[in-house]
Amino acid sequence: SGATILGDGSVVLILDIAALVRGGVPVVELQSAAPTPIDERPVALVVDDSITVRRVTERLLQRHGMRVVTAKDGLDAIGVLHDNKPDIILLDIEMPRMDGYEFALHVRNDDLVADVPIIMVTSRVGDKHRARAIELGVNDYLGKPYQDSALLEAIQRLLEEKGIMLS
């Protein structure tokens, strides 16, 4: 119901327990919180300007035991990297604002994520595009449309090289 100041200057609360009981204040029982389970599934960052491609790829990877974060272009993906360090990146080439080549270069020059494997998934299947991607440090290159099994095999191989197992 009040407080007082002690001689040393500290403030002490004064509670009228009888008044609190009469007032019907509910008693709160403290329980220890159960520890939040840590999600140890590998994280994939899917970067593509097509929402359909992002959603289809996200569902495929989730069905195969991965957590997925998405970005609509390279600039959006840079923002995502600030909050999540992915275990693997699936990257399109042709996107607005920042294309896949520019984003791959950004990743390879960022010490925090430079070791993250990148799979370029694009409709650009020419040797010139593949050579440029490999030159930038892309680990694998798949043409669209691709077989789900080919994508999953590439992801599994690159994750296993990092010591990460898919469930």
# chains A, B, ... in the order shown; residues from 1 in each chain; ligands from 1
$ closest_atom_pairs --of "stretch 66-92 of chain A" --to "stretch 151-161 of chain A" --cutoff "10 Å" --atoms "only C-alpha atoms" --output "JSON lines"
{"residue": "A:Asp87", "atom": "CA", "partner": "A:Leu159", "partner_atom": "CA", "distance": 7.3}
{"residue": "A:Ile88", "atom": "CA", "partner": "A:Leu159", "partner_atom": "CA", "distance": 7.4}
{"residue": "A:Ile89", "atom": "CA", "partner": "A:Ile155", "partner_atom": "CA", "distance": 9.2}
{"residue": "A:Leu90", "atom": "CA", "partner": "A:Ile155", "partner_atom": "CA", "distance": 9.0}
$ closest_atom_pairs --of "stretch 88-110 of chain A" --to "stretch 117-125 of chain A" --cutoff "10 Å" --atoms "only C-alpha atoms" --output "tab-separated table"
residue	atom	partner	partner_atom	distance
A:Ile88	CA	A:Pro117	CA	5.1
A:Ile89	CA	A:Ile118	CA	4.7
A:Leu90	CA	A:Ile119	CA	4.9
A:Leu91	CA	A:Met120	CA	4.7
A:Asp92	CA	A:Thr122	CA	5.1
A:Ile93	CA	A:Thr122	CA	6.0
A:Glu94	CA	A:Thr122	CA	7.8
A:Gly100	CA	A:Met120	CA	7.9
A:Tyr101	CA	A:Met120	CA	9.2
A:Ala104	CA	A:Ile118	CA	7.6
A:Val107	CA	A:Ile118	CA	9.1
A:Arg108	CA	A:Ile118	CA	9.6
$ write_last_selection --atoms "all heavy atoms" --output "CSV table (one decimal), in the first residue's frame"
chain,number,residue,atom,x,y,z
A,88,ILE,N,23.0,-22.8,-46.9
A,88,ILE,CA,23.1,-22.9,-48.4
A,88,ILE,C,22.3,-21.8,-49.0
A,88,ILE,O,21.3,-21.4,-48.4
A,88,ILE,CB,22.7,-24.3,-48.9
A,88,ILE,CG1,23.2,-24.5,-50.3
A,88,ILE,CG2,21.2,-24.6,-48.7
A,88,ILE,CD1,23.3,-26.0,-50.7
A,89,ILE,N,22.7,-21.4,-50.2
A,89,ILE,CA,21.9,-20.3,-50.9
A,89,ILE,C,21.6,-20.8,-52.3
A,89,ILE,O,22.4,-21.4,-53.0
A,89,ILE,CB,22.8,-19.0,-51.0
A,89,ILE,CG1,23.1,-18.5,-49.6
A,89,ILE,CG2,22.0,-18.0,-51.9
A,89,ILE,CD1,24.1,-17.3,-49.7
A,90,LEU,N,20.3,-20.7,-52.6
A,90,LEU,CA,19.8,-21.0,-54.0
A,90,LEU,C,19.5,-19.7,-54.6
A,90,LEU,O,18.7,-18.9,-54.1
A,90,LEU,CB,18.5,-21.9,-53.9
A,90,LEU,CG,18.6,-23.2,-53.1
A,90,LEU,CD1,17.3,-23.9,-53.2
A,90,LEU,CD2,19.8,-24.0,-53.6
A,91,LEU,N,20.1,-19.4,-55.8
A,91,LEU,CA,20.2,-18.1,-56.3
A,91,LEU,C,19.9,-18.0,-57.8
A,91,LEU,O,20.5,-18.8,-58.6
A,91,LEU,CB,21.6,-17.5,-56.1
A,91,LEU,CG,22.0,-16.1,-56.5
A,91,LEU,CD1,21.1,-15.1,-55.8
A,91,LEU,CD2,23.4,-15.9,-56.2
A,92,ASP,N,18.9,-17.2,-58.2
A,92,ASP,CA,18.6,-16.9,-59.6
A,92,ASP,C,19.6,-15.8,-60.1
A,92,ASP,O,20.2,-15.1,-59.3
A,92,ASP,CB,17.2,-16.4,-59.7
A,92,ASP,CG,16.7,-16.3,-61.1
A,92,ASP,OD1,17.3,-16.8,-62.0
A,92,ASP,OD2,15.7,-15.6,-61.3
A,93,ILE,N,19.8,-15.7,-61.4
A,93,ILE,CA,20.6,-14.7,-61.9
A,93,ILE,C,19.9,-13.4,-62.2
A,93,ILE,O,20.2,-12.3,-61.7
A,93,ILE,CB,21.3,-15.1,-63.2
A,93,ILE,CG1,22.3,-16.2,-63.0
A,93,ILE,CG2,22.0,-13.9,-63.9
A,93,ILE,CD1,23.0,-16.8,-64.2
A,94,GLU,N,18.8,-13.5,-63.0
A,94,GLU,CA,18.1,-12.3,-63.5
A,94,GLU,C,17.1,-11.8,-62.4
A,94,GLU,O,16.0,-12.5,-62.2
A,94,GLU,CB,17.4,-12.6,-64.8
A,94,GLU,CG,18.4,-12.8,-65.9
A,94,GLU,CD,17.7,-13.1,-67.2
A,94,GLU,OE1,16.7,-13.8,-67.2
A,94,GLU,OE2,18.3,-12.7,-68.2
A,100,GLY,N,21.9,-11.9,-59.5
A,100,GLY,CA,22.5,-13.0,-58.8
A,100,GLY,C,24.0,-13.0,-58.8
A,100,GLY,O,24.7,-13.3,-57.8
A,101,TYR,N,24.6,-12.5,-59.9
A,101,TYR,CA,26.1,-12.3,-59.9
A,101,TYR,C,26.5,-11.4,-58.9
A,101,TYR,O,27.5,-11.6,-58.1
A,101,TYR,CB,26.5,-11.8,-61.3
A,101,TYR,CG,26.3,-12.8,-62.4
A,101,TYR,CD1,25.7,-12.4,-63.6
A,101,TYR,CD2,26.7,-14.1,-62.4
A,101,TYR,CE1,25.5,-13.2,-64.7
A,101,TYR,CE2,26.5,-15.0,-63.4
A,101,TYR,CZ,25.9,-14.5,-64.6
A,101,TYR,OH,25.7,-15.4,-65.6
A,104,ALA,N,26.1,-12.9,-55.4
A,104,ALA,CA,27.2,-13.9,-55.2
A,104,ALA,C,28.5,-13.3,-54.9
A,104,ALA,O,29.2,-13.7,-53.9
A,104,ALA,CB,27.3,-14.8,-56.4
A,107,VAL,N,28.4,-12.0,-51.3
A,107,VAL,CA,28.5,-13.2,-50.3
A,107,VAL,C,30.0,-13.6,-50.2
A,107,VAL,O,30.5,-13.7,-49.1
A,107,VAL,CB,27.6,-14.4,-50.8
A,107,VAL,CG1,27.9,-15.6,-49.9
A,107,VAL,CG2,26.1,-14.0,-50.6
A,108,ARG,N,30.6,-13.7,-51.4
A,108,ARG,CA,32.0,-14.2,-51.3
A,108,ARG,C,33.0,-13.2,-50.7
A,108,ARG,O,34.1,-13.6,-50.3
A,108,ARG,CB,32.5,-14.6,-52.7
A,108,ARG,CG,31.8,-15.8,-53.3
A,108,ARG,CD,32.1,-17.0,-52.4
A,108,ARG,NE,31.3,-18.2,-52.8
A,108,ARG,CZ,30.5,-18.9,-52.1
A,108,ARG,NH1,30.2,-18.5,-50.9
A,108,ARG,NH2,29.9,-19.9,-52.6
$ closest_residue --among "A:Ile134, A:Leu112, A:Met66, A:Val12" --to "A:Asp83" --atoms "only C-alpha atoms"
A:Leu112
$ select_by_dssp --residues "stretch 20-166 of chain A" --states "strand (DSSP E)" --output "ChimeraX atom specification"
/A:43-47,67-71,88-91,118-122,140-143
$ residues_around --residues "A:Arg54" --least-positions-apart "5" --cutoff "9 Å" --atoms "only C-alpha atoms" --output "JSON, numbers by chain"
{"A": [46, 47, 48, 49, 59, 70, 71, 72]}
$ write_last_selection --atoms "all heavy atoms" --output "PDB file, in the first residue's frame"
ATOM      1  N   VAL A  46      16.537 -18.862 -50.306  1.00  0.00           N
ATOM      2  CA  VAL A  46      16.098 -18.938 -51.694  1.00  0.00           C
ATOM      3  C   VAL A  46      15.928 -17.504 -52.206  1.00  0.00           C
ATOM      4  O   VAL A  46      15.105 -16.753 -51.679  1.00  0.00           O
ATOM      5  CB  VAL A  46      14.774 -19.717 -51.828  1.00  0.00           C
ATOM      6  CG1 VAL A  46      14.299 -19.736 -53.275  1.00  0.00           C
ATOM      7  CG2 VAL A  46      14.938 -21.135 -51.298  1.00  0.00           C
ATOM      8  N   VAL A  47      16.717 -17.139 -53.215  1.00  0.00           N
ATOM      9  CA  VAL A  47      16.681 -15.784 -53.760  1.00  0.00           C
ATOM     10  C   VAL A  47      16.221 -15.860 -55.212  1.00  0.00           C
ATOM     11  O   VAL A  47      16.950 -16.357 -56.076  1.00  0.00           O
ATOM     12  CB  VAL A  47      18.068 -15.101 -53.687  1.00  0.00           C
ATOM     13  CG1 VAL A  47      17.966 -13.647 -54.108  1.00  0.00           C
ATOM     14  CG2 VAL A  47      18.671 -15.231 -52.294  1.00  0.00           C
ATOM     15  N   ASP A  48      14.998 -15.387 -55.462  1.00  0.00           N
ATOM     16  CA  ASP A  48      14.424 -15.417 -56.807  1.00  0.00           C
ATOM     17  C   ASP A  48      13.345 -14.351 -56.884  1.00  0.00           C
ATOM     18  O   ASP A  48      12.587 -14.190 -55.928  1.00  0.00           O
ATOM     19  CB  ASP A  48      13.836 -16.804 -57.103  1.00  0.00           C
ATOM     20  CG  ASP A  48      13.633 -17.043 -58.583  1.00  0.00           C
ATOM     21  OD1 ASP A  48      12.870 -16.275 -59.219  1.00  0.00           O
ATOM     22  OD2 ASP A  48      14.218 -18.002 -59.116  1.00  0.00           O
ATOM     23  N   ASP A  49      13.248 -13.648 -58.011  1.00  0.00           N
ATOM     24  CA  ASP A  49      12.232 -12.606 -58.132  1.00  0.00           C
ATOM     25  C   ASP A  49      10.841 -13.166 -58.385  1.00  0.00           C
ATOM     26  O   ASP A  49       9.849 -12.461 -58.215  1.00  0.00           O
ATOM     27  CB  ASP A  49      12.611 -11.586 -59.216  1.00  0.00           C
ATOM     28  CG  ASP A  49      12.787 -12.215 -60.586  1.00  0.00           C
ATOM     29  OD1 ASP A  49      13.191 -13.386 -60.672  1.00  0.00           O
ATOM     30  OD2 ASP A  49      12.548 -11.515 -61.582  1.00  0.00           O
ATOM     31  N   ARG A  59       8.497 -24.998 -50.296  1.00  0.00           N
ATOM     32  CA  ARG A  59       7.740 -26.200 -49.898  1.00  0.00           C
ATOM     33  C   ARG A  59       8.553 -27.474 -50.110  1.00  0.00           C
ATOM     34  O   ARG A  59       8.538 -28.373 -49.276  1.00  0.00           O
ATOM     35  CB  ARG A  59       6.421 -26.267 -50.665  1.00  0.00           C
ATOM     36  CG  ARG A  59       5.416 -25.259 -50.163  1.00  0.00           C
ATOM     37  CD  ARG A  59       4.045 -25.466 -50.797  1.00  0.00           C
ATOM     38  NE  ARG A  59       3.291 -24.235 -50.728  1.00  0.00           N
ATOM     39  CZ  ARG A  59       3.050 -23.424 -51.743  1.00  0.00           C
ATOM     40  NH1 ARG A  59       3.491 -23.714 -52.960  1.00  0.00           N
ATOM     41  NH2 ARG A  59       2.367 -22.321 -51.584  1.00  0.00           N
ATOM     42  N   THR A  70      13.399 -16.581 -47.582  1.00  0.00           N
ATOM     43  CA  THR A  70      13.362 -16.192 -48.988  1.00  0.00           C
ATOM     44  C   THR A  70      13.653 -14.709 -49.159  1.00  0.00           C
ATOM     45  O   THR A  70      13.501 -13.923 -48.224  1.00  0.00           O
ATOM     46  CB  THR A  70      11.979 -16.503 -49.612  1.00  0.00           C
ATOM     47  OG1 THR A  70      10.977 -15.744 -48.932  1.00  0.00           O
ATOM     48  CG2 THR A  70      11.656 -17.990 -49.532  1.00  0.00           C
ATOM     49  N   ALA A  71      14.057 -14.356 -50.373  1.00  0.00           N
ATOM     50  CA  ALA A  71      14.302 -12.960 -50.739  1.00  0.00           C
ATOM     51  C   ALA A  71      13.940 -12.799 -52.209  1.00  0.00           C
ATOM     52  O   ALA A  71      14.129 -13.721 -53.001  1.00  0.00           O
ATOM     53  CB  ALA A  71      15.758 -12.594 -50.503  1.00  0.00           C
ATOM     54  N   LYS A  72      13.434 -11.611 -52.562  1.00  0.00           N
ATOM     55  CA  LYS A  72      12.969 -11.382 -53.932  1.00  0.00           C
ATOM     56  C   LYS A  72      14.051 -10.882 -54.881  1.00  0.00           C
ATOM     57  O   LYS A  72      13.855 -10.868 -56.092  1.00  0.00           O
ATOM     58  CB  LYS A  72      11.763 -10.438 -53.939  1.00  0.00           C
ATOM     59  CG  LYS A  72      12.044  -9.053 -53.427  1.00  0.00           C
ATOM     60  CD  LYS A  72      10.763  -8.221 -53.415  1.00  0.00           C
ATOM     61  CE  LYS A  72      10.974  -6.845 -52.886  1.00  0.00           C
ATOM     62  NZ  LYS A  72      11.182  -6.760 -51.455  1.00  0.00           N
TER      63      LYS A  72
END
$ select_by_dssp --residues "stretch 123-160 of chain A" --states "helix (DSSP H, G or I)" --output "PyMOL selection string"
chain A and resi 127-135+148-160
$ closest_residue --among "A:Phe103, A:Arg130, A:Gly2, A:Leu13" --to "A:Ile78" --atoms "only C-alpha atoms"
A:Phe103
$ closest_residue --among "A:Leu105, A:Leu60, A:Ala133, A:Leu166" --to "A:Gln147" --atoms "only C-alpha atoms"
A:Leu60
$ closest_residue --among "A:Leu61, A:Ala19, A:Leu81, A:Met95" --to "A:Val113" --atoms "only C-alpha atoms"
A:Leu81
$ closest_residue --among "A:Asp8, A:Asn84, A:Val43, A:Gly163" --to "A:His64" --atoms "only C-alpha atoms"
A:Val43
$ closest_residue --among "A:Leu75, A:Val116, A:Val80, A:Leu45" --to "A:Lys162" --atoms "only C-alpha atoms"
A:Val116
$ atom_distance --atom1 "atom CA of A:Glu58" --atom2 "atom CA of A:Ala131"
27.1 Å
$ atom_distance --atom1 "atom CA of A:Pro42" --atom2 "atom CA of A:Pro86"
7.5 Å
